[in-house]
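Below is one structure; the comments refer to it alone.
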Amino acid sequence: MDEPPERLARKPSWLITQLAVHVRRLVADGFTAAGARGYHYRILAALDEFGPASQAELGRRCRVDRSDVVAAVNELVEAGHVDRTPDPGHGRRNRVTLTAGGAAQLRRMDTRLDQVQDDLLEPLSAEDRETLTRLLGRVLARFEP
């Protein structure tokens, strides 16, 4: 097997970058099996946790570009997972609301994503998984607005 140079393999930044390639594929495959995409999960999860929101709010909260939010919401509306209606308090804004079908889809996606986490972190104990998650959250928080 072609091993990377040791000084490279000891760098957390390199390890995270290499792992991200595998994570993206695993997550995409899991969501595809549920008939969805990652943006769908972000939007459905935000609506489930925080309630109805404008598309702009969803973009900011989910860290998704405005045009990608519009495309994802269109797909979710077409699938019956969300409703999009004019916002009575703002004439040019739409409110997006989670439907019962969307809540069911979110549960299916949660199951797939939980399976991905288990596959990804299989070499780690439950305690190590919690520690890794906590540490990654601390590092990420430094860069969050």
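By convention in this document, the chains of the structure tokens carry letters A, B, ... by their order, each chain's residues are numbered from 1, and ligands are numbered from 1 in the order they are shown.
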Nearby residues (only C-alpha atoms) at most 10 Å from range 97-113 of chain A, same-chain spacing under 3 positions excluded, as an MDAnalysis selection string:
chainID A and resid 26:38 40:48 51:54 76:77 79:85 94 116:119
Any chance you can output those residues with N, CA and C atoms as a compact mmCIF listing (two decimals), in the first residue's frame?
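Result written to result.txt:
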```txt
# COMPACT_ATOMS: atom_id res chain seq x y z
N LEU A 26 -19.98 8.39 2.33
CA LEU A 26 -20.86 7.59 3.18
C LEU A 26 -22.19 8.28 3.42
N VAL A 27 -22.16 9.56 3.72
CA VAL A 27 -23.38 10.32 3.98
C VAL A 27 -24.22 10.42 2.71
N ALA A 28 -23.59 10.73 1.59
CA ALA A 28 -24.33 10.83 0.33
C ALA A 28 -24.98 9.50 -0.01
N ASP A 29 -24.26 8.40 0.16
CA ASP A 29 -24.83 7.07 -0.12
C ASP A 29 -26.00 6.78 0.82
N GLY A 30 -25.86 7.13 2.09
CA GLY A 30 -26.94 6.90 3.06
C GLY A 30 -28.19 7.70 2.72
N PHE A 31 -28.00 8.96 2.37
CA PHE A 31 -29.15 9.80 2.02
C PHE A 31 -29.77 9.36 0.69
N THR A 32 -28.94 8.95 -0.26
CA THR A 32 -29.47 8.46 -1.54
C THR A 32 -30.37 7.25 -1.30
N ALA A 33 -29.97 6.38 -0.38
CA ALA A 33 -30.78 5.20 -0.06
C ALA A 33 -32.13 5.61 0.53
N ALA A 34 -32.19 6.81 1.13
CA ALA A 34 -33.45 7.32 1.69
C ALA A 34 -34.16 8.23 0.68
N GLY A 35 -33.63 8.33 -0.53
CA GLY A 35 -34.25 9.18 -1.56
C GLY A 35 -34.08 10.65 -1.28
N ALA A 36 -32.94 11.04 -0.75
CA ALA A 36 -32.75 12.43 -0.33
C ALA A 36 -31.30 12.87 -0.56
N ARG A 37 -31.07 14.14 -0.22
CA ARG A 37 -29.74 14.74 -0.28
C ARG A 37 -29.45 15.44 1.05
N GLY A 38 -28.18 15.79 1.23
CA GLY A 38 -27.76 16.44 2.47
C GLY A 38 -28.49 17.74 2.76
N HIS A 40 -31.46 18.47 1.98
CA HIS A 40 -32.80 18.12 2.46
C HIS A 40 -32.76 17.87 3.96
N TYR A 41 -31.76 17.12 4.40
CA TYR A 41 -31.65 16.80 5.82
C TYR A 41 -31.49 18.08 6.64
N ARG A 42 -30.61 18.95 6.21
CA ARG A 42 -30.38 20.19 6.95
C ARG A 42 -31.67 20.99 7.10
N ILE A 43 -32.39 21.13 6.01
CA ILE A 43 -33.62 21.93 6.02
C ILE A 43 -34.70 21.27 6.86
N LEU A 44 -34.90 19.97 6.68
CA LEU A 44 -35.93 19.27 7.46
C LEU A 44 -35.59 19.31 8.95
N ALA A 45 -34.32 19.12 9.29
CA ALA A 45 -33.91 19.15 10.70
C ALA A 45 -34.15 20.52 11.31
N ALA A 46 -33.83 21.58 10.57
CA ALA A 46 -34.04 22.94 11.07
C ALA A 46 -35.53 23.23 11.28
N LEU A 47 -36.35 22.82 10.33
CA LEU A 47 -37.80 23.05 10.47
C LEU A 47 -38.36 22.25 11.63
N ASP A 48 -37.88 21.03 11.82
CA ASP A 48 -38.35 20.20 12.92
C ASP A 48 -37.97 20.81 14.27
N GLY A 51 -39.13 25.16 13.88
CA GLY A 51 -40.43 25.54 13.36
C GLY A 51 -40.33 26.24 12.02
N PRO A 52 -41.48 26.74 11.52
CA PRO A 52 -41.53 27.39 10.20
C PRO A 52 -40.51 28.52 10.10
N ALA A 53 -39.99 28.67 8.87
CA ALA A 53 -38.97 29.70 8.65
C ALA A 53 -39.03 30.17 7.20
N SER A 54 -38.47 31.34 6.97
CA SER A 54 -38.33 31.81 5.59
C SER A 54 -37.17 31.05 4.95
N LEU A 76 -38.30 19.53 -1.97
CA LEU A 76 -39.04 19.08 -0.79
C LEU A 76 -40.53 19.36 -0.93
N VAL A 77 -40.89 20.48 -1.54
CA VAL A 77 -42.30 20.78 -1.80
C VAL A 77 -42.87 19.73 -2.75
N ALA A 79 -41.95 16.74 -3.24
CA ALA A 79 -42.05 15.44 -2.57
C ALA A 79 -43.11 15.42 -1.47
N GLY A 80 -43.67 16.59 -1.14
CA GLY A 80 -44.67 16.67 -0.08
C GLY A 80 -44.07 16.71 1.32
N HIS A 81 -42.78 17.04 1.42
CA HIS A 81 -42.12 17.06 2.73
C HIS A 81 -42.20 18.40 3.43
N VAL A 82 -42.45 19.47 2.65
CA VAL A 82 -42.64 20.79 3.25
C VAL A 82 -43.74 21.51 2.47
N ASP A 83 -44.33 22.49 3.12
CA ASP A 83 -45.26 23.41 2.47
C ASP A 83 -44.57 24.76 2.41
N ARG A 84 -44.79 25.47 1.30
CA ARG A 84 -44.25 26.82 1.15
C ARG A 84 -45.45 27.72 0.86
N THR A 85 -45.65 28.69 1.74
CA THR A 85 -46.79 29.60 1.59
C THR A 85 -46.31 31.03 1.78
N ASN A 94 -41.59 33.91 1.64
CA ASN A 94 -42.33 32.67 1.84
C ASN A 94 -41.98 32.05 3.19
N VAL A 116 -24.61 5.54 9.29
CA VAL A 116 -23.34 6.07 8.77
C VAL A 116 -22.39 6.37 9.93
N GLN A 117 -22.92 6.99 11.00
CA GLN A 117 -22.07 7.30 12.15
C GLN A 117 -21.49 6.02 12.73
N ASP A 118 -22.33 5.00 12.85
CA ASP A 118 -21.85 3.73 13.40
C ASP A 118 -20.77 3.11 12.51
N ASP A 119 -20.98 3.15 11.20
CA ASP A 119 -19.98 2.60 10.27
C ASP A 119 -18.68 3.41 10.34
```
Taking the backbone alone, and naming residues the way the document does, which bits of chain A are alpha helix (DSSP H) by DSSP, as a PyMOL selection string?
chain A and resi 6-9+12-33+38-50+55-62+66-79+100-120+126-141
Here CA of Ile16 in chain A and CA of Val139 in chain A stand apart by 11.9 Å
Point-to-point distance from CA of Leu58 in chain A to CA of Ala72 in chain A, Å rounded to tenths:
10.7 Å
Enumerate as a VMD selection string all residues of chain A assigned to strand (DSSP E or B) by DSSP on the backbone, naming them with the chain letters and numbers the document uses.
chain A and resid 53 to 54 82 to 86 94 to 98
Could you take the residues named above and write them with N, CA, C and O atoms, as an mmCIF file, in the first residue's frame?
```
data_model
loop_
_atom_site.group_PDB
_atom_site.id
_atom_site.type_symbol
_atom_site.label_atom_id
_atom_site.label_comp_id
_atom_site.auth_asym_id
_atom_site.auth_seq_id
_atom_site.Cartn_x
_atom_site.Cartn_y
_atom_site.Cartn_z
ATOM 1 N N ALA A 53 -39.990 28.673 8.869
ATOM 2 C CA ALA A 53 -38.968 29.698 8.651
ATOM 3 C C ALA A 53 -39.030 30.169 7.199
ATOM 4 O O ALA A 53 -39.551 29.466 6.334
ATOM 5 N N SER A 54 -38.469 31.338 6.968
ATOM 6 C CA SER A 54 -38.327 31.810 5.590
ATOM 7 C C SER A 54 -37.166 31.054 4.950
ATOM 8 O O SER A 54 -36.325 30.465 5.628
ATOM 9 N N VAL A 82 -42.445 19.466 2.653
ATOM 10 C CA VAL A 82 -42.640 20.789 3.247
ATOM 11 C C VAL A 82 -43.736 21.510 2.471
ATOM 12 O O VAL A 82 -44.023 21.166 1.325
ATOM 13 N N ASP A 83 -44.333 22.486 3.124
ATOM 14 C CA ASP A 83 -45.260 23.409 2.473
ATOM 15 C C ASP A 83 -44.569 24.762 2.409
ATOM 16 O O ASP A 83 -43.871 25.161 3.353
ATOM 17 N N ARG A 84 -44.788 25.475 1.305
ATOM 18 C CA ARG A 84 -44.252 26.821 1.151
ATOM 19 C C ARG A 84 -45.449 27.721 0.863
ATOM 20 O O ARG A 84 -46.163 27.526 -0.120
ATOM 21 N N THR A 85 -45.654 28.693 1.736
ATOM 22 C CA THR A 85 -46.789 29.596 1.592
ATOM 23 C C THR A 85 -46.307 31.034 1.776
ATOM 24 O O THR A 85 -45.293 31.267 2.440
ATOM 25 N N PRO A 86 -47.017 31.996 1.200
ATOM 26 C CA PRO A 86 -46.637 33.397 1.415
ATOM 27 C C PRO A 86 -46.681 33.739 2.904
ATOM 28 O O PRO A 86 -47.566 33.304 3.641
ATOM 29 N N ASN A 94 -41.589 33.914 1.638
ATOM 30 C CA ASN A 94 -42.335 32.671 1.840
ATOM 31 C C ASN A 94 -41.983 32.054 3.186
ATOM 32 O O ASN A 94 -40.862 32.222 3.673
ATOM 33 N N ARG A 95 -42.959 31.362 3.765
ATOM 34 C CA ARG A 95 -42.730 30.583 4.987
ATOM 35 C C ARG A 95 -42.699 29.124 4.575
ATOM 36 O O ARG A 95 -43.554 28.654 3.837
ATOM 37 N N VAL A 96 -41.727 28.404 5.076
ATOM 38 C CA VAL A 96 -41.592 26.977 4.799
ATOM 39 C C VAL A 96 -41.934 26.234 6.079
ATOM 40 O O VAL A 96 -41.444 26.572 7.157
ATOM 41 N N THR A 97 -42.810 25.230 5.944
ATOM 42 C CA THR A 97 -43.302 24.473 7.094
ATOM 43 C C THR A 97 -43.124 22.987 6.843
ATOM 44 O O THR A 97 -43.395 22.495 5.746
ATOM 45 N N LEU A 98 -42.713 22.269 7.838
ATOM 46 C CA LEU A 98 -42.549 20.817 7.775
ATOM 47 C C LEU A 98 -43.921 20.151 7.738
ATOM 48 O O LEU A 98 -44.817 20.524 8.496
#
```
Can you pull out every residue within 8 Å of range 59-66 of chain A, counting only C-alpha atoms, but drop anything in the same chain fewer than 2 positions away, and send it as a list of chain:residue names?
A:Tyr39, A:Arg42, A:Ile43, A:Ala46, A:Gln55, A:Ala56, A:Glu57, A:Asp68, A:Val69, A:Val70
